[in-house]
file target.pdb (PDB, C-alpha atoms, pLDDT in the B column)
ATOM      1  CA  MET A 296      -8.306  25.283   7.945  1.00 38.00           C
ATOM      2  CA  ALA A 297      -8.535  22.048   5.989  1.00 39.00           C
ATOM      3  CA  GLU A 298      -4.936  22.180   4.705  1.00 42.00           C
ATOM      4  CA  SER A 299      -4.434  20.207   1.496  1.00 42.00           C
ATOM      5  CA  ARG A 300      -7.618  18.176   1.675  1.00 44.00           C
ATOM      6  CA  ALA A 301      -9.655  17.911  -1.473  1.00 43.00           C
ATOM      7  CA  PRO A 302     -13.095  16.418  -2.093  1.00 48.00           C
ATOM      8  CA  ALA A 303     -14.560  14.317   0.695  1.00 53.00           C
ATOM      9  CA  GLY A 304     -18.144  13.617   1.829  1.00 59.00           C
ATOM     10  CA  ASP A 305     -19.688  11.093  -0.522  1.00 87.00           C
ATOM     11  CA  LEU A 306     -16.281   9.664  -1.309  1.00 89.00           C
ATOM     12  CA  GLU A 307     -15.601   8.808   2.311  1.00 88.00           C
ATOM     13  CA  GLY A 308     -18.923   6.986   2.424  1.00 89.00           C
ATOM     14  CA  VAL A 309     -17.871   4.866  -0.545  1.00 91.00           C
ATOM     15  CA  LEU A 310     -14.529   4.132   1.106  1.00 93.00           C
ATOM     16  CA  GLU A 311     -16.237   3.157   4.351  1.00 91.00           C
ATOM     17  CA  ASP A 312     -18.512   0.838   2.362  1.00 91.00           C
ATOM     18  CA  LEU A 313     -15.457  -0.778   0.830  1.00 91.00           C
ATOM     19  CA  ARG A 314     -13.850  -1.235   4.230  1.00 90.00           C
ATOM     20  CA  SER A 315     -16.935  -2.770   5.765  1.00 89.00           C
ATOM     21  CA  LEU A 316     -17.559  -4.962   2.710  1.00 85.00           C
ATOM     22  CA  SER A 317     -14.122  -6.457   2.980  1.00 81.00           C
ATOM     23  CA  GLY A 318     -13.338  -6.994   6.644  1.00 84.00           C
ATOM     24  CA  GLU A 319      -9.694  -7.514   5.815  1.00 90.00           C
ATOM     25  CA  VAL A 320      -9.207  -3.902   4.725  1.00 94.00           C
ATOM     26  CA  THR A 321      -7.607  -1.937   7.552  1.00 93.00           C
ATOM     27  CA  SER A 322      -7.747   1.410   5.733  1.00 94.00           C
ATOM     28  CA  ALA A 323      -8.932   2.709   2.381  1.00 95.00           C
ATOM     29  CA  ALA A 324      -8.088   5.999   0.718  1.00 95.00           C
ATOM     30  CA  VAL A 325      -8.087   7.889  -2.555  1.00 95.00           C
ATOM     31  CA  VAL A 326      -5.019   9.814  -3.655  1.00 94.00           C
ATOM     32  CA  LEU A 327      -5.790  12.420  -6.309  1.00 94.00           C
ATOM     33  CA  GLY A 328      -3.649  12.966  -9.394  1.00 90.00           C
ATOM     34  CA  SER A 329      -2.235  16.060  -7.699  1.00 91.00           C
ATOM     35  CA  GLY A 330      -0.917  13.876  -4.872  1.00 90.00           C
ATOM     36  CA  GLU A 331      -3.443  15.136  -2.324  1.00 91.00           C
ATOM     37  CA  LEU A 332      -5.453  12.763  -0.183  1.00 92.00           C
ATOM     38  CA  GLY A 333      -8.981  12.927  -1.579  1.00 91.00           C
ATOM     39  CA  GLY A 334     -10.576  10.943   1.230  1.00 92.00           C
ATOM     40  CA  SER A 335      -9.820   8.137   3.636  1.00 93.00           C
ATOM     41  CA  THR A 336     -11.202   5.913   6.362  1.00 93.00           C
ATOM     42  CA  LEU A 337      -8.383   6.758   8.758  1.00 90.00           C
ATOM     43  CA  ALA A 338      -9.285   6.968  12.415  1.00 86.00           C
ATOM     44  CA  PRO A 339      -8.970  10.364  14.095  1.00 86.00           C
ATOM     45  CA  GLY A 340      -5.499  11.015  15.425  1.00 86.00           C
ATOM     46  CA  ILE A 341      -3.663   9.371  12.556  1.00 87.00           C
ATOM     47  CA  ASP A 342      -1.361  11.673  10.620  1.00 88.00           C
ATOM     48  CA  GLU A 343      -3.287  11.939   7.339  1.00 89.00           C
ATOM     49  CA  GLN A 344      -0.662  14.076   5.642  1.00 89.00           C
ATOM     50  CA  ARG A 345       2.090  11.542   6.280  1.00 91.00           C
ATOM     51  CA  TYR A 346      -0.157   8.660   5.222  1.00 93.00           C
ATOM     52  CA  GLY A 347      -1.267  10.526   2.087  1.00 93.00           C
ATOM     53  CA  ALA A 348       2.266  11.533   1.138  1.00 93.00           C
ATOM     54  CA  MET A 349       3.496   7.961   1.383  1.00 94.00           C
ATOM     55  CA  LEU A 350       0.555   6.611  -0.600  1.00 95.00           C
ATOM     56  CA  ALA A 351       1.189   9.260  -3.262  1.00 95.00           C
ATOM     57  CA  ALA A 352       4.845   8.204  -3.393  1.00 95.00           C
ATOM     58  CA  LEU A 353       3.835   4.566  -3.803  1.00 94.00           C
ATOM     59  CA  ALA A 354       1.306   5.383  -6.529  1.00 95.00           C
ATOM     60  CA  GLY A 355       3.880   7.542  -8.323  1.00 94.00           C
ATOM     61  CA  LEU A 356       6.433   4.745  -8.171  1.00 94.00           C
ATOM     62  CA  ALA A 357       3.904   2.233  -9.534  1.00 94.00           C
ATOM     63  CA  ARG A 358       2.970   4.600 -12.361  1.00 93.00           C
ATOM     64  CA  ARG A 359       6.622   5.209 -13.233  1.00 93.00           C
ATOM     65  CA  THR A 360       7.400   1.468 -13.200  1.00 93.00           C
ATOM     66  CA  ALA A 361       4.400   0.800 -15.435  1.00 93.00           C
ATOM     67  CA  ARG A 362       5.525   3.458 -17.921  1.00 92.00           C
ATOM     68  CA  GLU A 363       9.086   2.161 -17.943  1.00 92.00           C
ATOM     69  CA  ASN A 364       7.654  -1.224 -18.889  1.00 90.00           C
ATOM     70  CA  GLY A 365       5.609   0.056 -21.795  1.00 88.00           C
ATOM     71  CA  GLY A 366       2.288   0.761 -20.129  1.00 84.00           C
ATOM     72  CA  GLY A 367       0.415   4.032 -20.027  1.00 87.00           C
ATOM     73  CA  GLY A 368      -0.259   3.499 -16.326  1.00 90.00           C
ATOM     74  CA  PHE A 369      -1.267   0.706 -14.007  1.00 94.00           C
ATOM     75  CA  SER A 370      -4.583  -1.054 -13.594  1.00 94.00           C
ATOM     76  CA  HIS A 371      -3.766  -2.348 -10.138  1.00 95.00           C
ATOM     77  CA  ALA A 372      -0.800  -3.206  -7.963  1.00 95.00           C
ATOM     78  CA  ARG A 373      -0.154  -5.496  -5.031  1.00 96.00           C
ATOM     79  CA  ILE A 374       2.703  -4.644  -2.717  1.00 96.00           C
ATOM     80  CA  LYS A 375       3.740  -6.776   0.221  1.00 94.00           C
ATOM     81  CA  ALA A 376       5.111  -4.545   2.956  1.00 93.00           C
ATOM     82  CA  ALA A 377       8.623  -5.168   4.247  1.00 87.00           C
ATOM     83  CA  ALA A 378       8.905  -7.354   7.369  1.00 82.00           C
ATOM     84  CA  ASP A 379       5.592  -9.061   6.498  1.00 84.00           C
ATOM     85  CA  GLU A 380       3.541  -6.253   8.012  1.00 88.00           C
ATOM     86  CA  GLY A 381       0.714  -6.507   5.500  1.00 93.00           C
ATOM     87  CA  TYR A 382      -0.162  -5.376   2.005  1.00 96.00           C
ATOM     88  CA  VAL A 383      -0.836  -2.147   0.195  1.00 96.00           C
ATOM     89  CA  LEU A 384      -3.169  -2.550  -2.764  1.00 96.00           C
ATOM     90  CA  LEU A 385      -3.578   0.102  -5.425  1.00 97.00           C
ATOM     91  CA  VAL A 386      -6.168   0.481  -8.174  1.00 96.00           C
ATOM     92  CA  GLY A 387      -5.669   3.131 -10.855  1.00 94.00           C
ATOM     93  CA  LEU A 388      -8.528   5.581 -11.406  1.00 93.00           C
ATOM     94  CA  LYS A 389      -9.315   8.285 -13.944  1.00 89.00           C
ATOM     95  CA  ASP A 390      -7.262  11.491 -13.996  1.00 88.00           C
ATOM     96  CA  GLY A 391      -4.246   9.875 -12.341  1.00 90.00           C
ATOM     97  CA  ALA A 392      -6.078   9.268  -9.069  1.00 94.00           C
ATOM     98  CA  THR A 393      -5.494   6.053  -7.127  1.00 95.00           C
ATOM     99  CA  LEU A 394      -7.700   3.973  -4.857  1.00 96.00           C
ATOM    100  CA  ALA A 395      -5.560   2.446  -2.118  1.00 96.00           C
ATOM    101  CA  ALA A 396      -6.187  -0.035   0.659  1.00 95.00           C
ATOM    102  CA  THR A 397      -4.060  -1.591   3.368  1.00 95.00           C
ATOM    103  CA  THR A 398      -4.565  -5.067   4.787  1.00 94.00           C
ATOM    104  CA  GLY A 399      -2.999  -7.318   7.395  1.00 93.00           C
ATOM    105  CA  PRO A 400      -0.444  -9.982   6.418  1.00 93.00           C
ATOM    106  CA  GLU A 401      -2.983 -12.817   6.306  1.00 91.00           C
ATOM    107  CA  ALA A 402      -5.521 -11.070   4.083  1.00 92.00           C
ATOM    108  CA  ARG A 403      -6.890 -12.682   0.935  1.00 93.00           C
ATOM    109  CA  VAL A 404      -5.521  -9.926  -1.257  1.00 93.00           C
ATOM    110  CA  GLY A 405      -7.067 -11.268  -4.462  1.00 93.00           C
ATOM    111  CA  LEU A 406     -10.505 -10.927  -2.947  1.00 94.00           C
ATOM    112  CA  VAL A 407      -9.790  -7.439  -1.615  1.00 95.00           C
ATOM    113  CA  LEU A 408      -8.491  -6.360  -5.020  1.00 94.00           C
ATOM    114  CA  TYR A 409     -11.663  -7.742  -6.584  1.00 94.00           C
ATOM    115  CA  ASP A 410     -13.778  -5.644  -4.195  1.00 94.00           C
ATOM    116  CA  MET A 411     -11.634  -2.593  -4.913  1.00 94.00           C
ATOM    117  CA  ARG A 412     -12.005  -2.993  -8.655  1.00 93.00           C
ATOM    118  CA  ASN A 413     -15.767  -3.364  -8.216  1.00 92.00           C
ATOM    119  CA  ALA A 414     -15.799  -0.152  -6.154  1.00 92.00           C
ATOM    120  CA  ARG A 415     -13.754   1.741  -8.761  1.00 92.00           C
ATOM    121  CA  LYS A 416     -16.739   3.068 -10.725  1.00 92.00           C
ATOM    122  CA  GLU A 417     -18.457   4.271  -7.573  1.00 92.00           C
ATOM    123  CA  VAL A 418     -15.291   5.994  -6.357  1.00 93.00           C
ATOM    124  CA  GLU A 419     -14.845   7.679  -9.746  1.00 92.00           C
ATOM    125  CA  ARG A 420     -18.487   8.778  -9.669  1.00 90.00           C
ATOM    126  CA  ALA A 421     -18.038  10.236  -6.180  1.00 90.00           C
ATOM    127  CA  LEU A 422     -14.856  11.990  -7.267  1.00 86.00           C
ATOM    128  CA  GLY A 423     -16.585  13.317 -10.394  1.00 82.00           C
ATOM    129  CA  SER A 424     -19.614  14.620  -8.544  1.00 65.00           C
ATOM    130  CA  GLU A 425     -17.465  16.328  -5.940  1.00 64.00           C
ATOM    131  CA  ASN A 426     -15.189  17.857  -8.572  1.00 60.00           C
ATOM    132  CA  GLY A 427     -18.125  18.953 -10.709  1.00 51.00           C
ATOM    133  CA  ASP A 428     -17.061  16.598 -13.489  1.00 46.00           C
ATOM    134  CA  GLY A 429     -15.020  13.429 -13.796  1.00 38.00           C
ATOM    135  CA  GLY A 430     -13.947  13.491 -17.408  1.00 38.00           C
ATOM    136  CA  GLY A 431     -10.552  12.593 -18.856  1.00 37.00           C
ATOM    137  CA  ARG A 432      -8.234   9.642 -18.500  1.00 38.00           C
ATOM    138  CA  SER A 433      -5.035   9.071 -16.606  1.00 43.00           C
TER
ATOM    139  CA  MET B  80      30.918 -24.896  38.143  1.00 79.00           C
ATOM    140  CA  ARG B  81      33.052 -22.409  36.248  1.00 83.00           C
ATOM    141  CA  LYS B  82      32.899 -24.607  33.154  1.00 85.00           C
ATOM    142  CA  LEU B  83      29.126 -24.678  33.374  1.00 84.00           C
ATOM    143  CA  LEU B  84      28.932 -20.882  33.601  1.00 86.00           C
ATOM    144  CA  VAL B  85      31.170 -20.538  30.556  1.00 87.00           C
ATOM    145  CA  ARG B  86      28.928 -22.929  28.641  1.00 89.00           C
ATOM    146  CA  VAL B  87      25.793 -21.070  29.676  1.00 87.00           C
ATOM    147  CA  ALA B  88      27.409 -17.798  28.585  1.00 87.00           C
ATOM    148  CA  LEU B  89      28.382 -19.308  25.230  1.00 87.00           C
ATOM    149  CA  VAL B  90      24.892 -20.695  24.645  1.00 88.00           C
ATOM    150  CA  GLY B  91      23.422 -17.295  25.555  1.00 86.00           C
ATOM    151  CA  ALA B  92      25.762 -15.514  23.168  1.00 86.00           C
ATOM    152  CA  ALA B  93      24.928 -17.964  20.373  1.00 86.00           C
ATOM    153  CA  ALA B  94      21.184 -17.513  20.967  1.00 86.00           C
ATOM    154  CA  GLY B  95      21.601 -13.724  20.952  1.00 84.00           C
ATOM    155  CA  ALA B  96      23.571 -13.835  17.720  1.00 82.00           C
ATOM    156  CA  ALA B  97      20.971 -16.087  16.102  1.00 82.00           C
ATOM    157  CA  LEU B  98      18.191 -13.716  17.134  1.00 79.00           C
ATOM    158  CA  ALA B  99      20.110 -10.713  15.831  1.00 76.00           C
ATOM    159  CA  ILE B 100      20.710 -12.460  12.486  1.00 72.00           C
ATOM    160  CA  ARG B 101      17.053 -13.462  12.268  1.00 72.00           C
ATOM    161  CA  ASN B 102      15.905  -9.890  12.890  1.00 64.00           C
ATOM    162  CA  TYR B 103      18.428  -8.579  10.382  1.00 61.00           C
ATOM    163  CA  LEU B 104      17.227 -11.014   7.739  1.00 59.00           C
ATOM    164  CA  LEU B 105      13.551 -10.262   8.404  1.00 58.00           C
ATOM    165  CA  ASP B 106      14.087  -6.545   8.359  1.00 56.00           C
ATOM    166  CA  GLY B 107      16.783  -6.067   5.792  1.00 53.00           C
ATOM    167  CA  ALA B 108      16.418  -8.890   3.321  1.00 59.00           C
ATOM    168  CA  GLY B 109      15.395  -8.182  -0.213  1.00 67.00           C
ATOM    169  CA  THR B 110      11.905  -8.867  -1.416  1.00 76.00           C
ATOM    170  CA  LYS B 111      10.922 -12.255  -2.723  1.00 84.00           C
ATOM    171  CA  PRO B 112       9.607 -12.783  -6.248  1.00 84.00           C
ATOM    172  CA  GLY B 113       5.888 -12.016  -6.318  1.00 84.00           C
ATOM    173  CA  ASP B 114       5.978  -9.597  -3.386  1.00 91.00           C
ATOM    174  CA  VAL B 115       5.402  -6.660  -5.730  1.00 94.00           C
ATOM    175  CA  GLN B 116       3.167  -7.113  -8.743  1.00 95.00           C
ATOM    176  CA  ILE B 117       1.928  -4.380 -11.020  1.00 95.00           C
ATOM    177  CA  VAL B 118      -0.713  -5.012 -13.665  1.00 95.00           C
ATOM    178  CA  LEU B 119      -0.503  -2.565 -16.546  1.00 94.00           C
ATOM    179  CA  ASP B 120      -3.520  -0.647 -17.777  1.00 89.00           C
ATOM    180  CA  ASP B 121      -4.038  -3.149 -20.600  1.00 89.00           C
ATOM    181  CA  GLY B 122      -5.245  -5.439 -17.798  1.00 86.00           C
ATOM    182  CA  ALA B 123      -3.195  -8.361 -19.040  1.00 85.00           C
ATOM    183  CA  THR B 124       0.486  -7.613 -18.499  1.00 90.00           C
ATOM    184  CA  THR B 125       1.862  -8.252 -15.032  1.00 91.00           C
ATOM    185  CA  ILE B 126       5.280  -6.877 -14.229  1.00 90.00           C
ATOM    186  CA  GLU B 127       7.575  -7.232 -11.270  1.00 91.00           C
ATOM    187  CA  PRO B 128      10.068  -4.458 -10.606  1.00 90.00           C
ATOM    188  CA  ASP B 129      13.763  -5.263 -10.208  1.00 90.00           C
ATOM    189  CA  PRO B 130      14.902  -6.184  -6.663  1.00 91.00           C
ATOM    190  CA  VAL B 131      16.151  -2.684  -5.795  1.00 91.00           C
ATOM    191  CA  GLU B 132      12.906  -1.069  -6.896  1.00 91.00           C
ATOM    192  CA  ALA B 133      10.859  -3.819  -5.248  1.00 93.00           C
ATOM    193  CA  ARG B 134      12.668  -3.115  -1.998  1.00 93.00           C
ATOM    194  CA  GLU B 135      11.742   0.568  -2.341  1.00 93.00           C
ATOM    195  CA  PHE B 136       8.080  -0.404  -2.845  1.00 94.00           C
ATOM    196  CA  ALA B 137       8.145  -2.719   0.167  1.00 94.00           C
ATOM    197  CA  ASP B 138       9.753  -0.125   2.443  1.00 94.00           C
ATOM    198  CA  ILE B 139       7.220   2.576   1.564  1.00 95.00           C
ATOM    199  CA  ALA B 140       4.381   0.046   1.865  1.00 95.00           C
ATOM    200  CA  ARG B 141       5.584  -0.860   5.342  1.00 94.00           C
ATOM    201  CA  LYS B 142       5.426   2.791   6.388  1.00 93.00           C
ATOM    202  CA  VAL B 143       1.935   3.110   4.902  1.00 94.00           C
ATOM    203  CA  VAL B 144       0.706   0.022   6.765  1.00 93.00           C
ATOM    204  CA  GLU B 145       2.271   1.274   9.991  1.00 91.00           C
ATOM    205  CA  ALA B 146       0.756   4.728   9.540  1.00 89.00           C
ATOM    206  CA  ALA B 147      -2.678   3.255   8.840  1.00 88.00           C
ATOM    207  CA  GLY B 148      -2.458   1.140  11.968  1.00 78.00           C
ATOM    208  CA  GLY B 149      -1.846   4.230  14.091  1.00 49.00           C
TER
END

call {"tool": "encode", "arguments": {"input": "target.pdb", "output": "structure tokens"}}
result
Amino acid sequence: MAESRAPAGDLEGVLEDLRSLSGEVTSAAVVLGSGELGGSTLAPGIDEQRYGAMLAALAGLARRTARENGGGGFSHARIKAAADEGYVLLVGLKDGATLAATTGPEARVGLVLYDMRNARKEVERALGSENGDGGGRS
Amino acid sequence: MRKLLVRVALVGAAAGAALAIRNYLLDGAGTKPGDVQIVLDDGATTIEPDPVEAREFADIARKVVEAAGG
């Protein structure tokens, strides 16, 4: 059984495109508004549930911080991992979903964020087509 | 000879302590300004969480990066 996995297929293709476009991206994923992992480029054998849960926690924290500072949500976020291990980059999507990517410590994060923001529409389209519809805002 | 051994032991202890402090600082230090940046949905406002919150972000991010790396 597929456990708590939601839409995949086309979405994973878009995420793979993003990863190959930007060689500095070590993984890319979409966390749905419900907190489930919508799709990812994780290699087999990696604990997707753990990865997804932590990404959901990070996205939730970013959303809460944005709201506490007067925003309705976040457009994007850049988080340098403790002990200089790399970066986690988040881009807010429709319906509370989040596009996330991890990079190494030397990555040009501005460029990766640019690629992620360019991929946003395509990710939302893939999410919409796999959900039947993509309407609404976060 | 004994004096030399004592000195070598002292230098070793000092090097060990320095390494331990370095690891502690790398692992446990707070985040630096700019380590966590959130751009609000207006696209123009950039905020940085307070140090405690930023530390929380950085710790979770570290686990995410580690998990992604296998």

call {"tool": "atom_distance", "arguments": {"input": "target.pdb", "atom1": "atom CA of A:Ile374", "atom2": "atom CA of A:Ala348"}}
result
16.6 Å

call {"tool": "atom_distance", "arguments": {"input": "target.pdb", "atom1": "atom CA of A:Arg412", "atom2": "atom CA of A:Val386"}}
result
6.8 Å

call {"tool": "closest_residue", "arguments": {"input": "target.pdb", "among": "B:Glu145, B:Val115, B:Glu127, B:Leu89", "to": "chain A", "atoms": "all atoms listed in the file"}}
result
B:Val115

call {"tool": "axis_aligned_box", "arguments": {"input": "target.pdb", "around": "stretch 324-336 of chain A", "padding_each_side": "3 Å", "output": "AutoDock Vina command-line options"}}
result
--center_x -6.1 --center_y 11.0 --center_z -1.5 --size_x 16.3 --size_y 16.1 --size_z 21.8

call {"tool": "closest_atom_pairs", "arguments": {"input": "target.pdb", "of": "chain B", "to": "chain A", "cutoff": "8 Å", "atoms": "only C-alpha atoms", "output": "tab-separated table"}}
result
residue	atom	partner	partner_atom	distance
B:Leu105	CA	A:Ala378	CA	5.6
B:Asp106	CA	A:Ala378	CA	5.3
B:Thr110	CA	A:Ala377	CA	7.5
B:Asp114	CA	A:Lys375	CA	5.1
B:Val115	CA	A:Ile374	CA	4.5
B:Gln116	CA	A:Arg373	CA	5.2
B:Ile117	CA	A:Ala372	CA	4.3
B:Val118	CA	A:His371	CA	5.4
B:Leu119	CA	A:Phe369	CA	4.2
B:Asp120	CA	A:Ser370	CA	4.3
B:Asp121	CA	A:Ser370	CA	7.3
B:Gly122	CA	A:Ser370	CA	6.1
B:Ile126	CA	A:Asn364	CA	7.7
B:Pro128	CA	A:Thr360	CA	7.0
B:Arg134	CA	A:Ala377	CA	7.7
B:Phe136	CA	A:Leu353	CA	6.6
B:Ala137	CA	A:Ala376	CA	4.5
B:Asp138	CA	A:Ala377	CA	5.5
B:Ile139	CA	A:Met349	CA	6.5
B:Ala140	CA	A:Ala376	CA	4.8
B:Arg141	CA	A:Ala376	CA	4.4
B:Lys142	CA	A:Met349	CA	7.5
B:Val143	CA	A:Tyr346	CA	5.9
B:Val144	CA	A:Thr397	CA	6.1
B:Glu145	CA	A:Glu380	CA	7.9
B:Ala146	CA	A:Tyr346	CA	5.9
B:Ala147	CA	A:Ser322	CA	6.2
B:Gly148	CA	A:Thr321	CA	7.4
B:Gly149	CA	A:Ile341	CA	5.7

call {"tool": "write_last_selection", "arguments": {"input": "target.pdb", "atoms": "C-alpha atoms", "output": "mmCIF file, in the frame of the given file"}}
result
data_model
loop_
_atom_site.group_PDB
_atom_site.id
_atom_site.type_symbol
_atom_site.label_atom_id
_atom_site.label_comp_id
_atom_site.auth_asym_id
_atom_site.auth_seq_id
_atom_site.Cartn_x
_atom_site.Cartn_y
_atom_site.Cartn_z
ATOM 1 C CA LEU B 105 13.551 -10.262 8.404
ATOM 2 C CA ASP B 106 14.087 -6.545 8.359
ATOM 3 C CA THR B 110 11.905 -8.867 -1.416
ATOM 4 C CA ASP B 114 5.978 -9.597 -3.386
ATOM 5 C CA VAL B 115 5.402 -6.660 -5.730
ATOM 6 C CA GLN B 116 3.167 -7.113 -8.743
ATOM 7 C CA ILE B 117 1.928 -4.380 -11.020
ATOM 8 C CA VAL B 118 -0.713 -5.012 -13.665
ATOM 9 C CA LEU B 119 -0.503 -2.565 -16.546
ATOM 10 C CA ASP B 120 -3.520 -0.647 -17.777
ATOM 11 C CA ASP B 121 -4.038 -3.149 -20.600
ATOM 12 C CA GLY B 122 -5.245 -5.439 -17.798
ATOM 13 C CA ILE B 126 5.280 -6.877 -14.229
ATOM 14 C CA PRO B 128 10.068 -4.458 -10.606
ATOM 15 C CA ARG B 134 12.668 -3.115 -1.998
ATOM 16 C CA PHE B 136 8.080 -0.404 -2.845
ATOM 17 C CA ALA B 137 8.145 -2.719 0.167
ATOM 18 C CA ASP B 138 9.753 -0.125 2.443
ATOM 19 C CA ILE B 139 7.220 2.576 1.564
ATOM 20 C CA ALA B 140 4.381 0.046 1.865
ATOM 21 C CA ARG B 141 5.584 -0.860 5.342
ATOM 22 C CA LYS B 142 5.426 2.791 6.388
ATOM 23 C CA VAL B 143 1.935 3.110 4.902
ATOM 24 C CA VAL B 144 0.706 0.022 6.765
ATOM 25 C CA GLU B 145 2.271 1.274 9.991
ATOM 26 C CA ALA B 146 0.756 4.728 9.540
ATOM 27 C CA ALA B 147 -2.678 3.255 8.840
ATOM 28 C CA GLY B 148 -2.458 1.140 11.968
ATOM 29 C CA GLY B 149 -1.846 4.230 14.091
#

call {"tool": "atom_distance", "arguments": {"input": "target.pdb", "atom1": "atom CA of B:Thr124", "atom2": "atom CA of A:Leu388"}}
result
17.5 Å

call {"tool": "closest_residue", "arguments": {"input": "target.pdb", "among": "A:Ala351, A:Ala414, A:Leu422, A:Ala395", "to": "A:Leu306", "atoms": "all atoms listed in the file"}}
result
A:Leu422

call {"tool": "closest_residue", "arguments": {"input": "target.pdb", "among": "A:Gly308, A:Leu313, A:Leu327, A:Glu319", "to": "A:Pro400", "atoms": "all atoms listed in the file"}}
result
A:Glu319
